[in-house]
Amino acid sequence: MHVSIRRIGNSQGVVIPKPLLVQVGLDGEAGAEMTVEDGALVLRRPASAVRAGWAEAARSIAEAGDDGLVMGEFGNEGDSELVW
């Protein structure tokens, strides 16, 4: 299938027909992994959803009480003059 390369702002892109996306299991919500292999542009389903599991991990860390600041509080010179 021949597709046109179109200007999109300062970039360029192609429109991928929905039947092809369905065939390989890609959708706009999950996005895709893009690589160049042997001179070909390759799109694949992501290995896992972006930030999958982050919320649960953060919750576990907080419940364990291990969510303190690593570097502690520190200010910048002149902070005392700031008005909030």
# chains A, B, ... in the order shown; residues from 1 in each chain; ligands from 1
$ select_by_dssp --residues "chain A" --states "strand (DSSP E)" --output "list in words"
Arg6, Arg7, Ile8, Ser11, Gln12, Gly13, Glu33, Met34, Thr35, Val36, Glu37, Ala40, Leu41, Val42, Leu43 and Arg44 of chain A
$ select_by_dssp --residues "chain A" --states "alpha helix (DSSP H)" --output "number ranges by chain"
A: 18-24, 54-63
$ atom_distance --atom1 "CA of Val15 (chain A)" --atom2 "CA of Ser48 (chain A)"
23.7 Å
$ residues_around --residues "Pro17 (chain A)" --least-positions-apart "2" --cutoff "12 Å" --atoms "only C-alpha atoms" --output "ChimeraX atom specification"
/A:1-4,14-15,19-24,26-27
$ write_last_selection --atoms "C-alpha atoms" --output "compact mmCIF listing (two decimals), in the first residue's frame"
# COMPACT_ATOMS: atom_id res chain seq x y z
CA MET A 1 0.00 0.00 0.00
CA HIS A 2 1.39 3.39 -0.98
CA VAL A 3 0.91 6.26 1.49
CA SER A 4 1.78 9.92 1.16
CA VAL A 14 1.75 9.44 7.35
CA VAL A 15 -1.87 8.47 7.91
CA PRO A 19 -7.71 -1.67 8.95
CA LEU A 20 -3.90 -1.88 9.12
CA LEU A 21 -3.86 -0.62 12.72
CA VAL A 22 -6.48 -3.22 13.69
CA GLN A 23 -4.57 -5.96 11.89
CA VAL A 24 -1.41 -5.37 13.94
CA LEU A 26 -2.23 -0.74 17.37
CA ASP A 27 -4.48 2.06 18.59
$ atom_distance --atom1 "CA of Trp54 (chain A)" --atom2 "CA of Gly25 (chain A)"
24.0 Å
$ atom_distance --atom1 "CA of Leu41 (chain A)" --atom2 "CA of Lys18 (chain A)"
18.1 Å
$ decode --residues "chain A" --atoms "C-alpha atoms" --output "PDB file, in the first residue's frame"
ATOM      1  CA  MET A   1       0.000   0.000   0.000  1.00  0.00           C
ATOM      2  CA  HIS A   2       1.395   3.390  -0.982  1.00  0.00           C
ATOM      3  CA  VAL A   3       0.914   6.261   1.495  1.00  0.00           C
ATOM      4  CA  SER A   4       1.781   9.921   1.159  1.00  0.00           C
ATOM      5  CA  ILE A   5       4.156  11.692   3.510  1.00  0.00           C
ATOM      6  CA  ARG A   6       2.478  14.881   4.712  1.00  0.00           C
ATOM      7  CA  ARG A   7       3.752  17.986   6.453  1.00  0.00           C
ATOM      8  CA  ILE A   8       2.446  18.267  10.019  1.00  0.00           C
ATOM      9  CA  GLY A   9       3.759  21.500  11.524  1.00  0.00           C
ATOM     10  CA  ASN A  10       7.567  21.286  11.478  1.00  0.00           C
ATOM     11  CA  SER A  11       7.429  17.494  11.130  1.00  0.00           C
ATOM     12  CA  GLN A  12       6.199  15.033   8.575  1.00  0.00           C
ATOM     13  CA  GLY A  13       3.879  12.068   8.979  1.00  0.00           C
ATOM     14  CA  VAL A  14       1.746   9.445   7.347  1.00  0.00           C
ATOM     15  CA  VAL A  15      -1.870   8.470   7.907  1.00  0.00           C
ATOM     16  CA  ILE A  16      -2.131   4.780   8.724  1.00  0.00           C
ATOM     17  CA  PRO A  17      -5.452   3.296   7.593  1.00  0.00           C
ATOM     18  CA  LYS A  18      -7.554   1.868  10.429  1.00  0.00           C
ATOM     19  CA  PRO A  19      -7.708  -1.669   8.953  1.00  0.00           C
ATOM     20  CA  LEU A  20      -3.901  -1.876   9.117  1.00  0.00           C
ATOM     21  CA  LEU A  21      -3.858  -0.625  12.717  1.00  0.00           C
ATOM     22  CA  VAL A  22      -6.476  -3.217  13.688  1.00  0.00           C
ATOM     23  CA  GLN A  23      -4.570  -5.961  11.886  1.00  0.00           C
ATOM     24  CA  VAL A  24      -1.414  -5.368  13.937  1.00  0.00           C
ATOM     25  CA  GLY A  25      -3.198  -4.415  17.177  1.00  0.00           C
ATOM     26  CA  LEU A  26      -2.225  -0.739  17.368  1.00  0.00           C
ATOM     27  CA  ASP A  27      -4.476   2.060  18.592  1.00  0.00           C
ATOM     28  CA  GLY A  28      -4.172   5.756  19.352  1.00  0.00           C
ATOM     29  CA  GLU A  29      -4.610   5.237  23.082  1.00  0.00           C
ATOM     30  CA  ALA A  30      -1.624   2.935  23.635  1.00  0.00           C
ATOM     31  CA  GLY A  31       0.559   4.486  20.939  1.00  0.00           C
ATOM     32  CA  ALA A  32       3.369   2.511  19.314  1.00  0.00           C
ATOM     33  CA  GLU A  33       7.079   1.802  19.602  1.00  0.00           C
ATOM     34  CA  MET A  34       8.921   3.069  16.509  1.00  0.00           C
ATOM     35  CA  THR A  35      12.348   1.874  15.370  1.00  0.00           C
ATOM     36  CA  VAL A  36      14.426   1.781  12.208  1.00  0.00           C
ATOM     37  CA  GLU A  37      15.520  -1.722  11.216  1.00  0.00           C
ATOM     38  CA  ASP A  38      17.534  -2.453   8.074  1.00  0.00           C
ATOM     39  CA  GLY A  39      16.412   0.824   6.517  1.00  0.00           C
ATOM     40  CA  ALA A  40      12.720   0.238   7.309  1.00  0.00           C
ATOM     41  CA  LEU A  41      10.533   2.197   9.701  1.00  0.00           C
ATOM     42  CA  VAL A  42       8.916  -0.325  12.072  1.00  0.00           C
ATOM     43  CA  LEU A  43       5.933   0.267  14.377  1.00  0.00           C
ATOM     44  CA  ARG A  44       5.164  -2.208  17.165  1.00  0.00           C
ATOM     45  CA  ARG A  45       2.699  -2.458  20.041  1.00  0.00           C
ATOM     46  CA  PRO A  46       4.286  -1.016  23.195  1.00  0.00           C
ATOM     47  CA  ALA A  47       5.742  -3.611  25.565  1.00  0.00           C
ATOM     48  CA  SER A  48       3.589  -2.136  28.345  1.00  0.00           C
ATOM     49  CA  ALA A  49       1.381   0.858  28.816  1.00  0.00           C
ATOM     50  CA  VAL A  50       3.189   4.108  29.548  1.00  0.00           C
ATOM     51  CA  ARG A  51       3.681   4.522  33.312  1.00  0.00           C
ATOM     52  CA  ALA A  52       1.871   1.233  33.949  1.00  0.00           C
ATOM     53  CA  GLY A  53       1.977   0.428  37.636  1.00  0.00           C
ATOM     54  CA  TRP A  54       3.367   3.800  38.735  1.00  0.00           C
ATOM     55  CA  ALA A  55       0.321   4.726  40.837  1.00  0.00           C
ATOM     56  CA  GLU A  56       0.370   1.427  42.741  1.00  0.00           C
ATOM     57  CA  ALA A  57       4.139   1.669  43.268  1.00  0.00           C
ATOM     58  CA  ALA A  58       3.798   5.218  44.636  1.00  0.00           C
ATOM     59  CA  ARG A  59       0.996   4.087  46.952  1.00  0.00           C
ATOM     60  CA  SER A  60       3.124   1.195  48.278  1.00  0.00           C
ATOM     61  CA  ILE A  61       6.082   3.502  48.895  1.00  0.00           C
ATOM     62  CA  ALA A  62       3.874   5.988  50.771  1.00  0.00           C
ATOM     63  CA  GLU A  63       2.257   3.234  52.877  1.00  0.00           C
ATOM     64  CA  ALA A  64       5.724   1.961  53.818  1.00  0.00           C
ATOM     65  CA  GLY A  65       6.669   5.499  54.908  1.00  0.00           C
ATOM     66  CA  ASP A  66       9.571   5.510  52.469  1.00  0.00           C
ATOM     67  CA  ASP A  67       8.492   8.623  50.593  1.00  0.00           C
ATOM     68  CA  GLY A  68      10.639  11.213  52.354  1.00  0.00           C
ATOM     69  CA  LEU A  69      12.676  13.761  50.458  1.00  0.00           C
ATOM     70  CA  VAL A  70      15.991  12.322  49.322  1.00  0.00           C
ATOM     71  CA  MET A  71      17.885  15.598  49.423  1.00  0.00           C
ATOM     72  CA  GLY A  72      15.880  17.247  52.183  1.00  0.00           C
ATOM     73  CA  GLU A  73      14.560  20.783  52.060  1.00  0.00           C
ATOM     74  CA  PHE A  74      16.898  23.459  50.801  1.00  0.00           C
ATOM     75  CA  GLY A  75      16.345  26.992  49.705  1.00  0.00           C
ATOM     76  CA  ASN A  76      17.931  29.345  47.268  1.00  0.00           C
ATOM     77  CA  GLU A  77      19.707  32.539  48.143  1.00  0.00           C
ATOM     78  CA  GLY A  78      17.113  35.294  48.301  1.00  0.00           C
ATOM     79  CA  ASP A  79      14.129  32.978  48.938  1.00  0.00           C
ATOM     80  CA  SER A  80      13.367  34.793  52.189  1.00  0.00           C
ATOM     81  CA  GLU A  81      12.555  37.902  50.174  1.00  0.00           C
ATOM     82  CA  LEU A  82       9.841  36.176  48.126  1.00  0.00           C
ATOM     83  CA  VAL A  83       6.239  37.091  48.826  1.00  0.00           C
ATOM     84  CA  TRP A  84       3.629  34.383  48.272  1.00  0.00           C
TER      85      TRP A  84
END
